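Listing of query05.cif, mmCIF, C-alpha atoms
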```cif
data_start
#
loop_
_atom_site.group_PDB
_atom_site.id
_atom_site.type_symbol
_atom_site.label_atom_id
_atom_site.label_comp_id
_atom_site.auth_asym_id
_atom_site.auth_seq_id
_atom_site.Cartn_x
_atom_site.Cartn_y
_atom_site.Cartn_z
ATOM 1 C CA MET A 545 97.026 98.320 89.333
ATOM 2 C CA LYS A 546 98.195 100.618 92.135
ATOM 3 C CA CYS A 547 101.936 100.450 92.760
ATOM 4 C CA HIS A 548 102.874 100.186 96.433
ATOM 5 C CA HIS A 549 106.220 101.891 95.664
ATOM 6 C CA CYS A 550 105.033 105.083 93.946
ATOM 7 C CA GLN A 551 101.316 104.986 94.803
ATOM 8 C CA HIS A 552 100.360 105.601 91.150
ATOM 9 C CA GLU A 553 98.069 103.484 88.988
ATOM 10 C CA HIS A 554 99.792 101.496 86.213
ATOM 11 C CA ASN A 555 98.407 99.490 83.325
ATOM 12 C CA LEU A 556 100.391 96.263 83.599
ATOM 13 C CA ASP A 557 99.954 95.528 79.889
ATOM 14 C CA GLU A 558 102.009 98.636 79.081
ATOM 15 C CA LEU A 559 104.940 97.976 81.410
ATOM 16 C CA GLU A 560 107.945 95.866 80.583
ATOM 17 C CA LEU A 561 111.664 96.169 81.091
ATOM 18 C CA ALA A 562 114.294 96.285 78.364
ATOM 19 C CA PHE A 563 117.993 97.049 78.388
ATOM 20 C CA ASP A 564 119.625 99.090 75.624
ATOM 21 C CA SER A 565 122.954 97.274 75.825
ATOM 22 C CA PRO A 566 124.782 94.451 77.583
ATOM 23 C CA ASP A 567 126.180 95.473 80.984
ATOM 24 C CA ALA A 568 129.760 95.035 79.698
ATOM 25 C CA VAL A 569 129.101 97.667 77.030
ATOM 26 C CA PHE A 570 127.106 99.987 79.284
ATOM 27 C CA ALA A 571 130.037 100.046 81.738
ATOM 28 C CA LEU A 572 132.353 101.535 79.100
ATOM 29 C CA GLN A 573 132.850 105.282 78.953
ATOM 30 C CA GLU A 574 132.572 107.200 75.688
ATOM 31 C CA PRO A 575 134.541 107.267 73.373
ATOM 32 C CA ASP A 576 135.746 103.809 74.448
ATOM 33 C CA ARG A 577 132.226 102.399 74.017
ATOM 34 C CA THR A 578 131.990 103.600 70.420
ATOM 35 C CA ALA A 579 135.490 102.357 69.598
ATOM 36 C CA ARG A 580 135.088 98.890 71.109
ATOM 37 C CA ALA A 581 131.413 97.993 70.605
ATOM 38 C CA ASP A 582 129.776 97.432 67.236
ATOM 39 C CA MET A 583 126.043 97.650 68.041
ATOM 40 C CA THR A 584 122.640 97.587 66.428
ATOM 41 C CA PRO A 585 119.357 97.482 68.378
ATOM 42 C CA ASP A 586 119.511 93.660 68.231
ATOM 43 C CA LEU A 587 123.187 92.681 67.957
ATOM 44 C CA CYS A 588 126.466 93.626 69.588
ATOM 45 C CA MET A 589 130.079 92.619 69.142
ATOM 46 C CA LEU A 590 132.559 93.818 71.770
ATOM 47 C CA ASP A 591 136.266 93.955 70.990
ATOM 48 C CA GLY A 592 135.656 91.608 68.058
ATOM 49 C CA SER A 593 135.633 88.659 70.456
ATOM 50 C CA ARG A 594 132.471 88.863 72.568
ATOM 51 C CA PHE A 595 129.107 88.314 70.919
ATOM 52 C CA PHE A 596 125.715 89.472 72.206
ATOM 53 C CA LEU A 597 122.154 89.435 70.991
ATOM 54 C CA ARG A 598 118.956 90.896 72.307
ATOM 55 C CA ALA A 599 116.261 88.475 73.428
ATOM 56 C CA VAL A 600 113.163 88.251 75.590
ATOM 57 C CA LEU A 601 112.601 86.323 78.785
ATOM 58 C CA PRO A 602 108.789 85.893 78.961
ATOM 59 C CA ILE A 603 107.096 85.382 82.339
ATOM 60 C CA PRO A 604 103.346 84.735 82.676
ATOM 61 C CA CYS A 605 101.830 87.483 84.801
ATOM 62 C CA GLU A 606 98.489 87.667 86.550
ATOM 63 C CA GLY A 607 96.479 90.614 85.254
ATOM 64 C CA ARG A 608 98.167 90.729 81.834
ATOM 65 C CA ARG A 609 96.944 89.450 78.487
ATOM 66 C CA LEU A 610 100.489 88.640 77.358
ATOM 67 C CA PRO A 611 103.552 87.573 79.350
ATOM 68 C CA PHE A 612 105.613 90.111 81.268
ATOM 69 C CA ASN A 613 108.783 90.343 79.183
ATOM 70 C CA LEU A 614 112.290 91.163 80.267
ATOM 71 C CA GLY A 615 114.190 92.455 77.239
ATOM 72 C CA LEU A 616 117.684 91.200 77.974
ATOM 73 C CA TRP A 617 120.986 90.836 76.195
ATOM 74 C CA VAL A 618 122.692 87.465 76.182
ATOM 75 C CA GLU A 619 126.262 86.540 75.389
ATOM 76 C CA THR A 620 126.843 83.589 73.118
ATOM 77 C CA ASP A 621 129.637 82.027 71.102
ATOM 78 C CA LYS A 622 130.709 83.295 67.683
ATOM 79 C CA GLN A 623 129.175 80.344 65.822
ATOM 80 C CA SER A 624 125.696 80.851 67.326
ATOM 81 C CA TYR A 625 125.936 84.610 66.824
ATOM 82 C CA CYS A 626 126.866 84.196 63.164
ATOM 83 C CA ARG A 627 124.067 81.667 62.645
ATOM 84 C CA TYR A 628 121.568 84.132 64.118
ATOM 85 C CA VAL A 629 122.856 86.879 61.815
ATOM 86 C CA GLU A 630 122.530 84.482 58.873
ATOM 87 C CA LEU A 631 118.904 83.652 59.798
ATOM 88 C CA TYR A 632 117.959 87.152 60.976
ATOM 89 C CA SER A 633 115.449 87.835 58.177
ATOM 90 C CA ASP A 634 114.342 84.219 57.694
ATOM 91 C CA PRO A 635 110.656 83.729 58.600
ATOM 92 C CA ASN A 636 111.419 80.072 59.351
ATOM 93 C CA GLN A 637 114.232 80.713 61.835
ATOM 94 C CA GLY A 638 112.032 79.279 64.593
ATOM 95 C CA ARG A 639 112.770 75.805 63.211
ATOM 96 C CA GLU A 640 116.399 76.215 64.256
ATOM 97 C CA PRO A 641 117.401 74.283 67.403
ATOM 98 C CA HIS A 642 117.959 76.359 70.523
ATOM 99 C CA PHE A 643 121.518 77.321 71.457
ATOM 100 C CA PRO A 644 123.269 78.199 74.736
ATOM 101 C CA ALA A 645 124.015 81.673 76.054
ATOM 102 C CA THR A 646 124.380 83.547 79.331
ATOM 103 C CA ILE A 647 122.393 86.584 80.426
ATOM 104 C CA ALA A 648 124.445 89.768 80.022
ATOM 105 C CA ASN A 649 122.351 92.143 82.188
ATOM 106 C CA SER A 650 121.833 92.333 85.916
ATOM 107 C CA VAL A 651 118.228 93.064 86.824
ATOM 108 C CA GLY A 652 117.830 95.175 89.943
ATOM 109 C CA GLY A 653 114.716 94.358 91.905
ATOM 110 C CA TYR A 654 114.795 90.758 90.783
ATOM 111 C CA TRP A 655 117.009 87.697 90.710
ATOM 112 C CA ASP A 656 120.724 87.588 90.176
ATOM 113 C CA LEU A 657 120.535 86.999 86.432
ATOM 114 C CA LEU A 658 123.940 88.195 85.200
ATOM 115 C CA GLY A 659 125.795 85.153 83.870
ATOM 116 C CA LEU A 660 122.794 82.818 84.225
ATOM 117 C CA ALA A 661 122.860 80.023 81.629
ATOM 118 C CA VAL A 662 119.908 80.113 79.239
ATOM 119 C CA ASN A 663 118.776 78.531 76.016
ATOM 120 C CA VAL A 664 118.000 80.880 73.148
ATOM 121 C CA GLN A 665 115.154 79.930 70.821
ATOM 122 C CA LEU A 666 114.817 81.847 67.585
ATOM 123 C CA VAL A 667 111.225 82.764 66.762
ATOM 124 C CA SER A 668 110.751 84.673 63.481
ATOM 125 C CA GLU A 669 112.070 87.625 61.524
ATOM 126 C CA THR A 670 109.649 89.930 63.340
ATOM 127 C CA ALA A 671 110.105 88.695 66.924
ATOM 128 C CA ARG A 672 113.080 88.633 69.225
ATOM 129 C CA PRO A 673 114.426 85.254 70.344
ATOM 130 C CA THR A 674 113.047 83.870 73.611
ATOM 131 C CA LEU A 675 115.003 82.645 76.622
ATOM 132 C CA THR A 676 114.520 79.743 79.002
ATOM 133 C CA CYS A 677 116.721 78.915 81.969
ATOM 134 C CA VAL A 678 118.973 75.895 81.900
ATOM 135 C CA ASP A 679 118.789 75.530 85.700
ATOM 136 C CA GLN A 680 115.111 74.756 86.302
ATOM 137 C CA SER A 681 115.548 75.300 90.054
ATOM 138 C CA HIS A 682 116.460 78.981 89.569
ATOM 139 C CA PRO A 683 113.714 81.413 90.710
ATOM 140 C CA VAL A 684 113.301 82.874 87.218
ATOM 141 C CA ALA A 685 112.763 79.384 85.784
ATOM 142 C CA ARG A 686 110.097 78.682 88.398
ATOM 143 C CA ASP A 687 108.469 82.022 87.608
ATOM 144 C CA GLN A 688 108.494 81.228 83.888
ATOM 145 C CA LEU A 689 106.662 78.003 84.715
ATOM 146 C CA ASN A 690 104.287 79.234 87.441
ATOM 147 C CA GLY A 691 103.910 82.939 86.633
ATOM 148 C CA ILE A 692 104.085 85.993 88.873
ATOM 149 C CA SER A 693 101.578 88.443 90.330
ATOM 150 C CA GLY A 694 101.103 91.945 88.982
ATOM 151 C CA SER A 695 102.516 93.232 92.243
ATOM 152 C CA ARG A 696 105.699 91.204 91.682
ATOM 153 C CA ALA A 697 106.035 92.647 88.166
ATOM 154 C CA LEU A 698 105.885 96.147 89.670
ATOM 155 C CA ASP A 699 108.535 95.140 92.231
ATOM 156 C CA ILE A 700 110.818 94.072 89.381
ATOM 157 C CA LEU A 701 110.312 97.417 87.657
ATOM 158 C CA SER A 702 110.641 99.547 90.790
ATOM 159 C CA PRO A 703 114.421 100.257 90.580
ATOM 160 C CA TYR A 704 114.022 101.772 87.112
ATOM 161 C CA PRO A 705 112.596 105.130 85.991
ATOM 162 C CA VAL A 706 109.159 104.730 84.438
ATOM 163 C CA SER A 707 110.489 105.920 81.070
ATOM 164 C CA TYR A 708 112.711 102.821 80.941
ATOM 165 C CA THR A 709 109.895 100.450 81.697
ATOM 166 C CA HIS A 710 107.759 101.407 78.707
ATOM 167 C CA LEU A 711 109.274 99.138 76.117
ATOM 168 C CA THR A 712 109.770 101.018 72.867
ATOM 169 C CA LEU A 713 111.969 99.329 70.332
ATOM 170 C CA PRO A 714 113.653 101.148 67.426
ATOM 171 C CA THR A 715 113.454 98.034 65.244
ATOM 172 C CA ASN A 716 110.994 95.847 63.401
ATOM 173 C CA ARG A 717 111.386 93.205 66.077
ATOM 174 C CA GLU A 718 108.499 92.678 68.456
ATOM 175 C CA VAL A 719 109.231 92.111 72.122
#
```
This entry written out as structure tokens:
Amino acid sequence: MKCHHCQHEHNLDELELAFDSPDAVFALQEPDRTARADMTPDLCMLDGSRFFLRAVLPIPCEGRRLPFNLGLWVETDKQSYCRYVELYSDPNQGREPHFPATIANSVGGYWDLLGLAVNVQLVSETARPTLTCVDQSHPVARDQLNGISGSRALDILSPYPVSYTHLTLPTNREV
């Protein structure tokens, strides 16, 4: 698909967006970030009192075989965080009921997602949890239901350098 922003051709199946850390952690300067945030590619604890996990917000997208995924961090309570850690390697974790969280990344070029209430559904030991919006009237919830065009996916990606939009994960977790 030809991008109307950069005029280059892009294979939509290869483009997704993922954030390396929650915004609250990204905003910290080194060495403060290292001192205050205990992070892995999938989990983060900030100041011992804020709990984050990495998840995927899937959106059906015209022109793609699989959904267009936003790899986001969400903030949740300590109990849900600890339960996720407990079930992290369990292949049956998808049987666990969903739990509440809020999105911990702002997504330029798209909706105002920072702080949006979501439900987190665990999937399996090889896949990141998935997100669904609590407020079904929010634009992202409607897009999860109805899908988006390939052009809209490129609009979402446009504020970010191309190297950030190729989702490569240093973990065994699939998007």
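If you apply the PyMOL selection byres ((chain A and resi 689) around 12) to this structure, you end up with A:Leu601, A:Pro602, A:Ile603, A:Pro604, A:Cys605, A:Pro611, A:Thr676, A:Cys677, A:Gln680, A:Ser681, A:His682, A:Pro683, A:Val684, A:Ala685, A:Arg686, A:Asp687, A:Gln688, A:Asn690, A:Gly691, A:Ile692.
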Inset, instruction - Tell me, as a PyMOL selection string, which residues lie within 12 Å of Phe643 of chain A, counting only C-alpha atoms; anything in the same chain fewer than 3 positions away does not count. - result: chain A and resi 618-625+627-628+638+640+646+661-666+673-678
Inset, instruction - Would you work out the distance separating atom CA of Pro641 of chain A from atom CA of Leu590 of chain A, expressed in Å to one decimal? - result: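 About the pair atom CA of Pro641 of chain A and atom CA of Leu590 of chain A: they are 25.1 Å apart.
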Inset, instruction - Give me, please, the distance in Å between atom CA of Ala568 of chain A and atom CA of Gly659 of chain A, quoted to one decimal. - result: 11.4 Å
Legend entry - Hits from the PyMOL selection byres ((chain A and resi 577) around 12), listed as an NGL selection string: :A and (565-576 or 578-583 or 588-591)
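Put simply, atom CA of Leu631 of chain A is 13.0 Å away from atom CA of Leu597 of chain A.
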Kindly output segment 679-690 of chain A as a short mmCIF file (atom, residue, chain, number, x, y, z; two decimals), in the coordinates of the input, after building all heavy atoms.
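The resulting file, out.cif, is shown below:
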```
data_model
loop_
_atom_site.label_atom_id
_atom_site.label_comp_id
_atom_site.auth_asym_id
_atom_site.auth_seq_id
_atom_site.Cartn_x
_atom_site.Cartn_y
_atom_site.Cartn_z
N ASP A 679 118.99 76.01 84.33
CA ASP A 679 118.79 75.53 85.70
C ASP A 679 117.33 75.72 86.08
O ASP A 679 116.91 76.83 86.42
CB ASP A 679 119.71 76.29 86.65
CG ASP A 679 119.51 75.92 88.12
OD1 ASP A 679 118.67 75.03 88.42
OD2 ASP A 679 120.20 76.51 88.97
N GLN A 680 116.55 74.66 86.03
CA GLN A 680 115.11 74.76 86.30
C GLN A 680 114.79 75.02 87.77
O GLN A 680 113.65 75.28 88.11
CB GLN A 680 114.41 73.49 85.81
CG GLN A 680 114.41 73.37 84.30
CD GLN A 680 113.67 74.52 83.63
OE1 GLN A 680 112.49 74.71 83.84
NE2 GLN A 680 114.38 75.31 82.83
N SER A 681 115.79 74.98 88.65
CA SER A 681 115.55 75.30 90.05
C SER A 681 115.75 76.79 90.35
O SER A 681 115.44 77.25 91.44
CB SER A 681 116.47 74.47 90.96
OG SER A 681 117.82 74.86 90.80
N HIS A 682 116.24 77.55 89.38
CA HIS A 682 116.46 78.98 89.57
C HIS A 682 115.10 79.68 89.70
O HIS A 682 114.13 79.29 89.04
CB HIS A 682 117.25 79.56 88.39
CG HIS A 682 117.76 80.93 88.65
ND1 HIS A 682 116.96 82.04 88.51
CD2 HIS A 682 118.97 81.38 89.06
CE1 HIS A 682 117.67 83.12 88.81
NE2 HIS A 682 118.89 82.74 89.14
N PRO A 683 115.00 80.71 90.54
CA PRO A 683 113.71 81.41 90.71
C PRO A 683 113.09 81.90 89.41
O PRO A 683 111.88 81.84 89.24
CB PRO A 683 114.07 82.58 91.63
CG PRO A 683 115.23 82.09 92.42
CD PRO A 683 116.02 81.22 91.46
N VAL A 684 113.89 82.39 88.47
CA VAL A 684 113.30 82.87 87.22
C VAL A 684 112.71 81.72 86.41
O VAL A 684 111.68 81.88 85.75
CB VAL A 684 114.29 83.71 86.39
CG1 VAL A 684 115.35 82.86 85.74
CG2 VAL A 684 113.57 84.54 85.35
N ALA A 685 113.32 80.55 86.48
CA ALA A 685 112.76 79.38 85.78
C ALA A 685 111.43 78.98 86.40
O ALA A 685 110.47 78.67 85.69
CB ALA A 685 113.75 78.22 85.84
N ARG A 686 111.37 79.00 87.71
CA ARG A 686 110.10 78.68 88.40
C ARG A 686 109.03 79.72 88.05
O ARG A 686 107.87 79.37 87.84
CB ARG A 686 110.31 78.59 89.90
CG ARG A 686 111.13 77.35 90.31
CD ARG A 686 111.07 77.09 91.80
NE ARG A 686 111.44 78.24 92.61
CZ ARG A 686 112.65 78.47 93.11
NH1 ARG A 686 113.64 77.61 92.89
NH2 ARG A 686 112.88 79.54 93.84
N ASP A 687 109.44 80.99 87.96
CA ASP A 687 108.47 82.02 87.61
C ASP A 687 108.01 81.89 86.16
O ASP A 687 106.86 82.16 85.85
CB ASP A 687 109.04 83.41 87.87
CG ASP A 687 109.08 83.74 89.35
OD1 ASP A 687 108.48 83.00 90.15
OD2 ASP A 687 109.71 84.75 89.70
N GLN A 688 108.90 81.47 85.27
CA GLN A 688 108.49 81.23 83.89
C GLN A 688 107.46 80.10 83.82
O GLN A 688 106.55 80.14 83.01
CB GLN A 688 109.69 80.85 83.01
CG GLN A 688 110.44 82.04 82.47
CD GLN A 688 111.44 81.64 81.41
OE1 GLN A 688 112.33 80.83 81.64
NE2 GLN A 688 111.28 82.21 80.23
N LEU A 689 107.59 79.14 84.68
CA LEU A 689 106.66 78.00 84.72
C LEU A 689 105.35 78.35 85.43
O LEU A 689 104.27 78.07 84.92
CB LEU A 689 107.33 76.80 85.41
CG LEU A 689 106.48 75.56 85.53
CD1 LEU A 689 106.14 74.99 84.16
CD2 LEU A 689 107.21 74.51 86.36
N ASN A 690 105.45 79.00 86.59
CA ASN A 690 104.29 79.23 87.44
C ASN A 690 103.67 80.62 87.30
O ASN A 690 102.54 80.83 87.73
CB ASN A 690 104.66 79.03 88.92
CG ASN A 690 105.18 77.64 89.17
OD1 ASN A 690 104.66 76.67 88.64
ND2 ASN A 690 106.25 77.54 89.96
#
```
